[in-house]
Amino acid sequence: MFGAVANVPTNSPHLRKSGSRPVFSDPGSGELGSGAEEGFLHSVEVDEMKGASAPLSAAAIMPSPIFLWRFKVLLFFIWGFSCCKIGWDSVMRMSVDLRDLFLYEAFLYYNPLLLVTMMVWLWGVNLWIFAQSSVNYAKIFELDQSHLTQREIWKCATWMTIIVPTSMTAYLYLYSHGEVSLAASQPVLLYTAIALVLIFPFDIFYLSSRYFLLKTLWRIVLPLQAITFSDFFLADILTSMAKVFSDLERSVCRMLHRQVATIAWFEADSVCGSHSVAIPLVLVLPYLFRFFQCLRQYKDTGEKTTLLNALKYSTAVPVIFLSALKYHVFPDRWTSIYRPLWLLSSVLNSLYSFYWDVTRDWDLSSAFTRIFKFSKASLLSNLLYGRRWVYFWVIGSNLVLRCTWTYKLSAHLRHNYLTVFTITALEIFRRFQWVFFRVENEWNKMNSKSNIQLSMSDTSEEDKLLGSNERNV
């Protein structure tokens, strides 16, 4: 009967080909049925062969990941060379007397975004080190499962590295070739696009991470609730980027007053000039945010160390405002009275901050360099873990960069924009080092608390068992 299993000898012509499906034949069926069945089986085999060969052909067409990575690196270097060449030629087209002024203005619009890009790159390195070590940063910052990894952070930093210099190159090229209105639109479009990406309400561009960032910033501005580790950690990073926010304010001011690609802003006493009262106000904001956070922590916990921490942030206020007084007092009064006070407050702020970093934020009483003991040994782990020079480098560089950071907070020293940019970049690097040991110190505290709770629970269980045994006796 059709469909029954037939006992076929090994030399039977009805045996299936190697690799095809099992064939069940009916010896009593006619030639017509046999031919139809063979045609059907042949079509099935052809389809299977096509299906099996499709992934192989697709895999053969796709280039290897190493080739793609090298190709991307090559394109990146070509892009970087093109931007440098176009930017240099554009600057050289301008007259010598306007060249420095032109670069100063272009640098003002783009150096804040370049520094933010640098911070994003370094934050990715922080996360990579945490992932290699035993520090569970997701638990420390109370992140959900959808938080960004170091690869996604670096992907964002890569796009920022491409977009910001490209916009700057377009600004230089258009301005030097007489297209002033088009040049003025470049920083405006860039700032607008960044703002829209941050507040975009749809589920693209890492919505959950953007929401977490904006929510944390809101909690920093209005500390009306209990302060979490993420709140004051981000607020500490913002203090290192005070100069970035000051330049952002001046850039947005010139955009709103239509002073981009003009020399109207060059008047020192103008709304967006170098003597503007908004400069010290914006510089001091991150320190005030952190100051009020400390007061909120004291209200919630009653710990007196939070008041000492608040005092540390308050020492930055006289540094900022005494420096700004240079533009609003007579030169002899600045030299004889306010300048010595500014120097004294600068030294106090630098030394106090350095002391707090080493003794409180890092807690050198513990072996804090365990963060460089990776789960899988590597060159970096062998280079950093347990090395005494790591201690000397971190402490020494932190002291030096704490002192030079005062230069950035001083409005009367802002005329040399390249020097200020370098010092701000070094401060961001100092904060990058600070992150490692601050996060590990918090991780050690969390582990010690959990160990204490476990020991207390074990002790209570033993007491219960002893009590029950005594009653039984």
# chains A, B, ... in the order shown; residues from 1 in each chain; ligands from 1

$ residues_around --residues "region 118-126 of chain A" --least-positions-apart "4" --cutoff "7 Å" --atoms "only C-alpha atoms" --output "ChimeraX atom specification"
/A:114,130,150,153-154,157,428,432,436

$ write_last_selection --atoms "N, CA and C atoms" --output "PDB file, in the first residue's frame"
ATOM      1  N   LEU A 114      34.493  69.420  22.630  1.00  0.00           N
ATOM      2  CA  LEU A 114      35.670  68.553  22.543  1.00  0.00           C
ATOM      3  C   LEU A 114      36.036  67.993  23.912  1.00  0.00           C
ATOM      4  N   PHE A 130      36.441  48.602  35.270  1.00  0.00           N
ATOM      5  CA  PHE A 130      35.516  48.017  36.239  1.00  0.00           C
ATOM      6  C   PHE A 130      35.060  46.632  35.791  1.00  0.00           C
ATOM      7  N   GLN A 150      30.836  49.684  28.163  1.00  0.00           N
ATOM      8  CA  GLN A 150      31.932  50.504  27.652  1.00  0.00           C
ATOM      9  C   GLN A 150      31.932  50.553  26.125  1.00  0.00           C
ATOM     10  N   ILE A 153      29.405  53.165  25.140  1.00  0.00           N
ATOM     11  CA  ILE A 153      29.956  54.483  25.478  1.00  0.00           C
ATOM     12  C   ILE A 153      30.985  54.910  24.443  1.00  0.00           C
ATOM     13  N   TRP A 154      31.868  54.002  24.057  1.00  0.00           N
ATOM     14  CA  TRP A 154      32.880  54.329  23.044  1.00  0.00           C
ATOM     15  C   TRP A 154      32.245  54.592  21.679  1.00  0.00           C
ATOM     16  N   ALA A 157      31.148  58.095  21.882  1.00  0.00           N
ATOM     17  CA  ALA A 157      32.322  58.970  21.831  1.00  0.00           C
ATOM     18  C   ALA A 157      32.892  59.048  20.419  1.00  0.00           C
ATOM     19  N   ILE A 428      40.215  67.085  33.683  1.00  0.00           N
ATOM     20  CA  ILE A 428      39.349  65.965  33.328  1.00  0.00           C
ATOM     21  C   ILE A 428      40.107  64.655  33.458  1.00  0.00           C
ATOM     22  N   PHE A 432      39.344  61.524  35.906  1.00  0.00           N
ATOM     23  CA  PHE A 432      39.338  60.154  35.385  1.00  0.00           C
ATOM     24  C   PHE A 432      40.104  59.215  36.321  1.00  0.00           C
ATOM     25  N   PHE A 436      38.416  55.893  39.540  1.00  0.00           N
ATOM     26  CA  PHE A 436      38.795  54.518  39.860  1.00  0.00           C
ATOM     27  C   PHE A 436      38.736  54.261  41.365  1.00  0.00           C
TER      28      PHE A 436
END

$ residues_around --residues "Glu427 (chain A)" --least-positions-apart "5" --cutoff "7 Å" --atoms "only C-alpha atoms" --output "MDAnalysis selection string"
chainID A and resid 240 401 405

$ residues_around --residues "region 293-299 of chain A" --least-positions-apart "6" --cutoff "9 Å" --atoms "only C-alpha atoms" --output "PDB file with C-alpha atoms, in the first residue's frame"
ATOM      1  CA  ILE A 220      21.506  67.606  41.424  1.00  0.00           C
ATOM      2  CA  LEU A 222      17.108  70.428  43.179  1.00  0.00           C
ATOM      3  CA  PRO A 223      18.319  68.163  46.015  1.00  0.00           C
ATOM      4  CA  LEU A 224      14.870  67.760  47.544  1.00  0.00           C
ATOM      5  CA  GLN A 225      15.293  64.036  48.163  1.00  0.00           C
ATOM      6  CA  ALA A 226      17.858  61.734  49.734  1.00  0.00           C
ATOM      7  CA  ILE A 227      21.219  61.956  47.944  1.00  0.00           C
ATOM      8  CA  ASP A 231      23.831  62.092  42.515  1.00  0.00           C
ATOM      9  CA  PHE A 232      26.973  63.307  44.235  1.00  0.00           C
ATOM     10  CA  ALA A 235      27.961  66.420  40.767  1.00  0.00           C
ATOM     11  CA  THR A 305      31.825  64.869  58.039  1.00  0.00           C
ATOM     12  CA  THR A 306      29.269  66.027  55.467  1.00  0.00           C
ATOM     13  CA  LEU A 307      29.536  69.550  56.923  1.00  0.00           C
ATOM     14  CA  LEU A 308      33.315  69.429  56.501  1.00  0.00           C
ATOM     15  CA  ASN A 309      32.766  68.310  52.923  1.00  0.00           C
ATOM     16  CA  ALA A 310      30.392  71.237  52.373  1.00  0.00           C
TER      17      ALA A 310
END

$ closest_residue --among "A:Tyr206, A:Asn444, A:Pro340, A:Glu303" --to "Lys155 (chain A)" --atoms "only C-alpha atoms"
A:Tyr206

$ select_by_dssp --residues "region 121-317 of chain A" --states "helix (DSSP H, G or I)" --output "ChimeraX atom specification"
/A:121-132,137-140,150-176,180-199,207-221,229-240,242-256,264-266,278-301,305-314,316-317
